[in-house]
$ cat entry16.cif   # mmCIF, C-alpha atoms
data_query
#
loop_
_atom_site.label_atom_id
_atom_site.label_comp_id
_atom_site.auth_asym_id
_atom_site.auth_seq_id
_atom_site.Cartn_x
_atom_site.Cartn_y
_atom_site.Cartn_z
CA MET A 213 -19.91 23.10 -24.85
CA LEU A 214 -21.10 19.68 -23.79
CA THR A 215 -23.46 17.93 -26.17
CA ASN A 216 -26.20 15.56 -25.06
CA ASN A 217 -24.02 12.70 -26.26
CA ASP A 218 -21.10 13.98 -24.13
CA ILE A 219 -23.34 14.05 -21.06
CA LYS A 220 -24.46 10.47 -21.73
CA LEU A 221 -20.79 9.39 -21.72
CA ILE A 222 -20.12 10.77 -18.21
CA PRO A 223 -19.64 7.73 -15.94
CA ARG A 224 -22.29 7.20 -13.31
CA SER A 225 -19.83 5.36 -11.08
CA PHE A 226 -17.46 7.43 -8.95
CA ASP A 227 -16.27 7.86 -5.38
CA VAL A 228 -17.00 10.87 -3.20
CA ILE A 229 -14.53 11.44 -0.38
CA GLY A 230 -15.57 14.46 1.64
CA ASP A 231 -16.15 17.16 -0.97
CA ILE A 232 -13.93 15.54 -3.63
CA LEU A 233 -15.54 13.50 -6.42
CA ILE A 234 -13.17 11.03 -8.10
CA PHE A 235 -13.75 9.03 -11.28
CA ASN A 236 -11.92 5.71 -11.28
CA ASP A 237 -12.40 5.42 -15.04
CA PHE A 238 -13.02 8.26 -17.46
CA PRO A 239 -13.91 7.85 -21.16
CA LYS A 240 -11.22 8.92 -23.61
CA GLU A 241 -13.98 10.21 -25.91
CA ILE A 242 -14.62 13.19 -23.61
CA ILE A 243 -11.23 13.62 -21.95
CA LYS A 244 -10.58 16.78 -23.98
CA LYS A 245 -13.72 18.23 -22.41
CA GLU A 246 -12.87 17.19 -18.86
CA LYS A 247 -12.99 20.77 -17.56
CA GLU A 248 -16.44 21.30 -19.02
CA VAL A 249 -17.55 17.96 -17.55
CA GLY A 250 -16.16 18.99 -14.18
CA ASN A 251 -17.93 22.35 -14.19
CA PHE A 252 -21.17 20.65 -15.25
CA LEU A 253 -20.93 18.27 -12.26
CA LEU A 254 -20.06 21.04 -9.80
CA LYS A 255 -23.40 22.64 -10.62
CA LYS A 256 -25.17 19.31 -10.22
CA PHE A 257 -23.59 18.26 -6.89
CA LYS A 258 -23.76 21.24 -4.54
CA ASN A 259 -21.73 19.58 -1.75
CA VAL A 260 -18.81 18.77 -4.05
CA LYS A 261 -15.96 21.27 -4.39
CA VAL A 262 -13.51 19.25 -6.52
CA ILE A 263 -14.02 17.02 -9.57
CA ALA A 264 -11.08 14.72 -10.31
CA ARG A 265 -10.17 11.59 -12.20
CA LYS A 266 -7.75 8.88 -11.21
CA THR A 267 -4.58 8.77 -13.31
CA LYS A 268 -2.79 6.00 -11.41
CA ASN A 269 -4.28 3.10 -9.49
CA PHE A 270 -3.36 2.29 -5.89
CA SER A 271 0.24 1.09 -5.84
CA GLY A 272 3.48 1.09 -3.87
CA ILE A 273 4.12 0.19 -0.25
CA TYR A 274 1.54 2.76 0.93
CA ARG A 275 -1.03 1.78 -1.74
CA LEU A 276 -1.49 5.34 -3.00
CA GLN A 277 -3.35 6.67 -6.03
CA LYS A 278 -2.76 9.67 -8.28
CA ILE A 279 -5.53 12.00 -9.39
CA LYS A 280 -5.90 14.93 -11.76
CA ILE A 281 -8.21 17.78 -10.81
CA MET A 282 -10.63 18.46 -13.65
CA ALA A 283 -12.51 21.39 -12.12
CA GLY A 284 -13.14 23.14 -8.83
CA GLU A 285 -10.78 23.99 -5.99
CA LYS A 286 -7.11 23.05 -6.33
CA LYS A 287 -6.93 20.83 -3.27
CA LYS A 288 -6.59 17.16 -2.39
CA GLU A 289 -7.22 17.34 1.35
CA THR A 290 -10.76 17.00 2.62
CA LEU A 291 -12.98 16.24 5.62
CA HIS A 292 -14.90 13.01 5.14
CA LYS A 293 -17.93 12.13 7.26
CA GLU A 294 -18.91 8.53 7.89
CA ASN A 295 -21.23 6.99 10.47
CA ASP A 296 -21.32 10.21 12.54
CA CYS A 297 -17.51 10.42 12.63
CA ILE A 298 -15.25 12.85 10.78
CA PHE A 299 -11.88 12.23 9.14
CA ARG A 300 -9.34 14.59 7.64
CA LEU A 301 -7.13 13.12 4.90
CA ASP A 302 -5.31 13.77 1.67
CA VAL A 303 -6.77 11.54 -1.05
CA GLU A 304 -3.38 11.14 -2.75
CA LYS A 305 -1.19 10.72 0.34
CA CYS A 306 -3.38 8.26 2.28
CA TYR A 307 -4.99 4.98 1.25
CA PHE A 308 -8.72 5.34 1.75
CA THR A 309 -11.89 3.96 0.23
CA PRO A 310 -15.34 5.36 1.06
CA ARG A 311 -16.93 2.07 -0.03
CA LEU A 312 -16.48 0.31 3.31
CA GLY A 313 -18.74 2.44 5.49
CA ASN A 314 -21.22 -0.37 6.12
CA GLU A 315 -18.44 -2.88 6.67
CA ARG A 316 -16.70 -0.68 9.22
CA LEU A 317 -19.96 -0.31 11.10
CA ARG A 318 -20.57 -4.07 10.91
CA ILE A 319 -17.24 -4.77 12.58
CA ALA A 320 -17.58 -2.02 15.19
CA ARG A 321 -20.93 -3.39 16.33
CA GLN A 322 -19.45 -6.85 16.83
CA VAL A 323 -16.88 -5.68 19.37
CA LYS A 324 -17.86 -6.73 22.88
CA LYS A 325 -17.43 -4.88 26.16
CA ASN A 326 -13.83 -4.71 27.45
CA GLU A 327 -12.30 -6.22 24.32
CA ILE A 328 -8.73 -5.29 23.41
CA VAL A 329 -8.65 -4.73 19.65
CA LEU A 330 -5.81 -4.36 17.14
CA ILE A 331 -6.16 -2.83 13.69
CA MET A 332 -3.20 -3.71 11.49
CA PHE A 333 -2.75 -1.16 8.67
CA SER A 334 -5.00 1.37 10.43
CA GLY A 335 -4.56 4.25 7.95
CA VAL A 336 -6.18 7.52 9.04
CA ALA A 337 -7.79 5.65 11.99
CA ILE A 338 -11.19 5.20 10.42
CA PHE A 339 -11.63 1.69 11.88
CA PRO A 340 -10.24 2.53 15.37
CA ILE A 341 -12.38 5.63 15.78
CA GLN A 342 -15.61 3.92 14.73
CA ILE A 343 -14.91 0.93 16.95
CA SER A 344 -14.37 3.38 19.82
CA LYS A 345 -17.64 5.17 19.05
CA PHE A 346 -19.89 2.17 18.53
CA SER A 347 -18.54 -0.29 21.10
CA LYS A 348 -17.36 -0.48 24.70
CA ALA A 349 -13.90 -1.78 23.83
CA LYS A 350 -11.36 -1.44 26.60
CA GLU A 351 -8.40 -0.53 24.37
CA ILE A 352 -7.94 -0.15 20.63
CA TYR A 353 -4.52 -0.26 18.98
CA GLY A 354 -3.74 0.92 15.46
CA VAL A 355 -0.52 0.35 13.50
CA GLU A 356 0.20 2.24 10.26
CA ILE A 357 3.39 2.39 8.20
CA ASN A 358 2.55 5.53 6.19
CA PRO A 359 3.80 8.53 8.25
CA ILE A 360 1.39 10.97 6.60
CA ALA A 361 -1.63 8.73 7.19
CA HIS A 362 -0.45 8.26 10.79
CA LYS A 363 -0.27 12.03 11.27
CA TYR A 364 -3.82 12.43 9.97
CA ALA A 365 -4.90 9.57 12.28
CA GLU A 366 -3.57 11.43 15.32
CA GLU A 367 -5.45 14.54 14.22
CA ASN A 368 -8.61 12.51 13.68
CA LEU A 369 -8.49 11.20 17.25
CA ILE A 370 -8.65 14.81 18.39
CA LEU A 371 -11.41 15.72 15.92
CA ASN A 372 -13.57 12.87 17.22
CA LYS A 373 -12.56 13.26 20.90
CA THR A 374 -11.49 9.61 20.93
CA LYS A 375 -9.82 8.52 24.17
CA ASN A 376 -9.23 4.75 24.16
CA VAL A 377 -7.14 4.44 20.96
CA LYS A 378 -3.36 4.05 20.86
CA LEU A 379 -1.63 4.65 17.53
CA TYR A 380 1.77 3.34 16.46
CA ARG A 381 3.67 4.35 13.33
CA GLY A 382 5.72 1.70 11.60
CA ASP A 383 5.78 -1.71 9.92
CA VAL A 384 3.49 -4.13 11.80
CA ARG A 385 6.28 -6.73 11.70
CA LYS A 386 8.48 -4.41 13.74
CA VAL A 387 5.82 -2.83 15.94
CA MET A 388 3.85 -5.92 16.99
CA PRO A 389 6.72 -7.67 18.84
CA LYS A 390 6.97 -4.57 21.03
CA LEU A 391 3.30 -4.68 22.02
CA ARG A 392 3.19 -6.54 25.35
CA VAL A 393 -0.44 -7.48 24.97
CA ARG A 394 -2.59 -10.14 23.33
CA PHE A 395 -5.80 -9.21 21.56
CA ASP A 396 -9.41 -10.35 21.64
CA ARG A 397 -9.91 -9.17 18.07
CA ILE A 398 -7.56 -8.31 15.19
CA LEU A 399 -8.53 -6.57 11.94
CA MET A 400 -6.45 -6.93 8.78
CA PRO A 401 -7.87 -4.38 6.29
CA LEU A 402 -4.78 -4.30 4.07
CA PRO A 403 -5.86 -3.57 0.49
CA LYS A 404 -3.48 -6.20 -0.93
CA GLY A 405 -1.37 -9.04 0.44
CA ALA A 406 -2.81 -9.36 3.95
CA GLU A 407 -2.05 -13.10 3.87
CA ASN A 408 1.63 -12.24 4.27
CA PHE A 409 0.85 -10.94 7.76
CA LEU A 410 -1.48 -13.69 8.97
CA ASP A 411 1.27 -15.35 11.03
CA TRP A 412 1.67 -12.10 13.01
CA ALA A 413 -2.06 -11.93 13.65
CA PHE A 414 -2.13 -15.52 14.91
CA SER A 415 0.87 -14.82 17.16
CA LYS A 416 -0.97 -12.01 18.95
CA ILE A 417 -4.54 -13.26 19.12
CA LYS A 418 -5.98 -14.76 22.28
CA ARG A 419 -7.49 -18.23 22.27
CA ASN A 420 -11.08 -17.94 20.98
CA GLY A 421 -10.21 -14.51 19.63
CA ILE A 422 -11.54 -13.19 16.32
CA ILE A 423 -9.51 -12.26 13.24
CA HIS A 424 -11.10 -10.30 10.39
CA PHE A 425 -9.00 -11.18 7.33
CA TYR A 426 -9.60 -9.26 4.08
CA ASP A 427 -8.80 -10.46 0.58
CA PHE A 428 -9.55 -9.58 -3.04
CA LEU A 429 -11.17 -12.54 -4.80
CA ARG A 430 -13.06 -13.36 -7.94
CA GLU A 431 -16.55 -14.81 -7.55
CA GLU A 432 -15.40 -18.34 -8.35
CA GLU A 433 -12.60 -18.09 -5.75
CA ILE A 434 -14.96 -17.42 -2.82
CA PRO A 435 -14.42 -18.86 -0.28
CA GLU A 436 -11.91 -21.61 -1.14
CA THR A 437 -8.94 -19.48 -2.25
CA GLY A 438 -9.12 -17.18 0.77
CA LEU A 439 -9.50 -20.08 3.18
CA ASN A 440 -6.53 -21.88 1.62
CA LYS A 441 -4.34 -18.87 2.41
CA ILE A 442 -5.32 -19.16 6.07
CA LYS A 443 -4.98 -22.96 6.17
CA LYS A 444 -1.37 -22.73 4.99
CA LEU A 445 -0.44 -21.63 8.50
CA GLU A 446 -1.76 -24.91 9.89
CA LYS A 447 -3.53 -23.10 12.69
CA LYS A 448 -6.84 -24.18 14.19
CA PHE A 449 -9.71 -21.85 13.38
CA ARG A 450 -13.42 -21.85 12.64
CA VAL A 451 -15.08 -19.69 9.99
CA LEU A 452 -17.85 -17.59 11.51
CA LYS A 453 -18.82 -15.67 8.39
CA VAL A 454 -17.66 -14.77 4.88
CA VAL A 455 -18.79 -11.31 3.78
CA LYS A 456 -18.59 -9.64 0.38
CA CYS A 457 -17.72 -6.01 1.11
CA GLY A 458 -18.22 -4.68 -2.40
CA ASN A 459 -16.96 -4.89 -5.98
CA ILE A 460 -13.47 -3.68 -6.80
CA ALA A 461 -13.75 -4.69 -10.48
CA PRO A 462 -16.23 -6.61 -12.62
CA GLY A 463 -16.57 -10.03 -11.01
CA LYS A 464 -13.99 -9.28 -8.30
CA PHE A 465 -14.80 -8.53 -4.67
CA ARG A 466 -13.28 -7.39 -1.42
CA VAL A 467 -14.10 -10.25 0.96
CA CYS A 468 -13.88 -10.43 4.74
CA PHE A 469 -13.34 -13.74 6.51
CA ASP A 470 -14.46 -13.60 10.14
CA ILE A 471 -12.56 -16.43 11.82
CA LYS A 472 -12.41 -17.65 15.40
CA VAL A 473 -9.01 -18.93 16.53
CA LEU A 474 -9.31 -22.17 18.53
#

$ encode --input "entry16.cif" --output "structure tokens"
Amino acid sequence: MLTNNDIKLIPRSFDVIGDILIFNDFPKEIIKKEKEVGNFLLKKFKNVKVIARKTKNFSGIYRLQKIKIMAGEKKKETLHKENDCIFRLDVEKCYFTPRLGNERLRIARQVKKNEIVLIMFSGVAIFPIQISKFSKAKEIYGVEINPIAHKYAEENLILNKTKNVKLYRGDVRKVMPKLRVRFDRILMPLPKGAENFLDWAFSKIKRNGIIHFYDFLREEEIPETGLNKIKKLEKKFRVLKVVKCGNIAPGKFRVCFDIKVL
């Protein structure tokens, strides 16, 4: 049985992806009662079918997490709804964060009519599909190295009846040279190390095109550290906007640099 003190220890911060609730941190004081905690939350959140806790942070080339199911259905695949779009994914086999819904909409609404857009590291196609829905882009390209995420992305195009998106599976460094097109806008939503691919983005962007470069920075590093990573390439650009897209840890943020290439 859960005591009142146990209930007070249940974290109020968690992610909900589709019908799966995931704790990023879970107190060791109540870990022996995790099943009871899970069943308690299933009664509280009627739209949630699975309660889980993260056991391994995002890591590896595909930036994947590990979770343990505490209560509910024994599944890790779900349908996630965001901005009137729907996405099928496996929360362990695909990198995905539900915390960027507003940011994805912000970017989609910036895309102008007839733009050709590239999303590097496109995952389950959540950026490409929303850009297709909320803009009049001419063509949208997505490149993803994780074969399972790519497979879900192809399915998600069908689920959302998306027509103007082309998906490519593979390393962007091998795929991009084969793309005989230059882009009006390039997104770089890699969860870690996007600066290592900036030279590829600059090589494929049109003059006066826009690059959305994402980085993880502490408060005191914004914006200088992120800008220094871009300046290392000695390319001409102008900063249009620097946007905090949410906390990833105390005092640390996901930051987007909107830059115009001159």

$ closest_atom_pairs --input "entry16.cif" --of "range 305-326 of chain A" --to "range 217-228 of chain A" --cutoff "9 Å" --atoms "only C-alpha atoms" --output "Markdown table"
| residue | atom | partner | partner_atom | distance |
| --- | --- | --- | --- | --- |
| A:Thr309 | CA | A:Asp227 | CA | 8.1 |
| A:Pro310 | CA | A:Asp227 | CA | 7.0 |
| A:Arg311 | CA | A:Asp227 | CA | 7.9 |

$ resolve_selection --input "entry16.cif" --expression "the PyMOL selection byres ((chain A and resi 372) around 8)" --output "MDAnalysis selection string"
chainID A and resid 297:298 341 368:371 373:374

$ resolve_selection --input "entry16.cif" --expression "the PyMOL selection byres ((chain A and resi 260) around 9)" --output "list of chain:residue names"
A:Val228, A:Gly230, A:Asp231, A:Ile232, A:Leu233, A:Leu253, A:Leu254, A:Lys255, A:Lys256, A:Phe257, A:Lys258, A:Asn259, A:Lys261, A:Val262, A:Ile263, A:Gly284

$ resolve_selection --input "entry16.cif" --expression "the PyMOL selection byres ((chain A and resi 406-410) around 12)" --output "PyMOL selection string"
chain A and resi 332-333+383-386+388+398-405+411-417+423-428+437-447+466-469+471+473

$ closest_residue --input "entry16.cif" --among "A:Lys305, A:Arg430, A:Lys390, A:Lys348" --to "His362 in chain A" --atoms "all atoms listed in the file"
A:Lys305

$ build_atoms --input "entry16.cif" --residues "range 435-452 of chain A" --atoms "N, CA, C and O atoms" --output "CSV table (one decimal), in the coordinates of the input"
chain,number,residue,atom,x,y,z
A,435,PRO,N,-15.4,-19.3,-1.3
A,435,PRO,CA,-14.4,-18.9,-0.3
A,435,PRO,C,-13.1,-19.6,-0.3
A,435,PRO,O,-12.2,-19.3,0.4
A,436,GLU,N,-13.0,-20.6,-1.2
A,436,GLU,CA,-11.9,-21.6,-1.1
A,436,GLU,C,-10.5,-21.0,-1.2
A,436,GLU,O,-9.6,-21.3,-0.4
A,437,THR,N,-10.3,-20.0,-2.1
A,437,THR,CA,-8.9,-19.5,-2.2
A,437,THR,C,-8.5,-18.7,-1.0
A,437,THR,O,-7.4,-18.9,-0.5
A,438,GLY,N,-9.4,-17.9,-0.5
A,438,GLY,CA,-9.1,-17.2,0.8
A,438,GLY,C,-8.9,-18.1,1.9
A,438,GLY,O,-7.9,-17.9,2.7
A,439,LEU,N,-9.7,-19.1,2.1
A,439,LEU,CA,-9.5,-20.1,3.2
A,439,LEU,C,-8.2,-20.9,3.0
A,439,LEU,O,-7.5,-21.1,4.0
A,440,ASN,N,-7.8,-21.2,1.8
A,440,ASN,CA,-6.5,-21.9,1.6
A,440,ASN,C,-5.3,-21.1,2.1
A,440,ASN,O,-4.3,-21.6,2.6
A,441,LYS,N,-5.4,-19.7,1.9
A,441,LYS,CA,-4.3,-18.9,2.4
A,441,LYS,C,-4.2,-18.9,3.9
A,441,LYS,O,-3.1,-18.9,4.5
A,442,ILE,N,-5.3,-19.1,4.6
A,442,ILE,CA,-5.3,-19.2,6.1
A,442,ILE,C,-4.9,-20.5,6.5
A,442,ILE,O,-4.1,-20.7,7.4
A,443,LYS,N,-5.3,-21.6,5.8
A,443,LYS,CA,-5.0,-23.0,6.2
A,443,LYS,C,-3.5,-23.3,6.0
A,443,LYS,O,-3.0,-24.2,6.7
A,444,LYS,N,-2.8,-22.5,5.2
A,444,LYS,CA,-1.4,-22.7,5.0
A,444,LYS,C,-0.6,-22.6,6.3
A,444,LYS,O,0.5,-23.2,6.4
A,445,LEU,N,-1.1,-21.8,7.2
A,445,LEU,CA,-0.4,-21.6,8.5
A,445,LEU,C,-0.6,-22.8,9.5
A,445,LEU,O,0.0,-22.9,10.5
A,446,GLU,N,-1.5,-23.7,9.1
A,446,GLU,CA,-1.8,-24.9,9.9
A,446,GLU,C,-2.2,-24.5,11.3
A,446,GLU,O,-1.8,-25.2,12.3
A,447,LYS,N,-3.0,-23.5,11.4
A,447,LYS,CA,-3.5,-23.1,12.7
A,447,LYS,C,-5.0,-23.6,12.8
A,447,LYS,O,-5.7,-23.7,11.8
A,448,LYS,N,-5.5,-23.8,14.0
A,448,LYS,CA,-6.8,-24.2,14.2
A,448,LYS,C,-7.7,-23.0,14.2
A,448,LYS,O,-7.5,-22.0,15.0
A,449,PHE,N,-8.8,-23.0,13.4
A,449,PHE,CA,-9.7,-21.8,13.4
A,449,PHE,C,-11.1,-22.3,12.9
A,449,PHE,O,-11.2,-23.4,12.3
A,450,ARG,N,-12.1,-21.6,13.1
A,450,ARG,CA,-13.4,-21.8,12.6
A,450,ARG,C,-14.0,-20.6,11.9
A,450,ARG,O,-13.8,-19.5,12.4
A,451,VAL,N,-14.5,-20.8,10.8
A,451,VAL,CA,-15.1,-19.7,10.0
A,451,VAL,C,-16.4,-19.3,10.6
A,451,VAL,O,-17.3,-20.2,10.7
A,452,LEU,N,-16.6,-18.1,11.0
A,452,LEU,CA,-17.8,-17.6,11.5
A,452,LEU,C,-18.7,-17.0,10.4
A,452,LEU,O,-19.9,-17.2,10.4
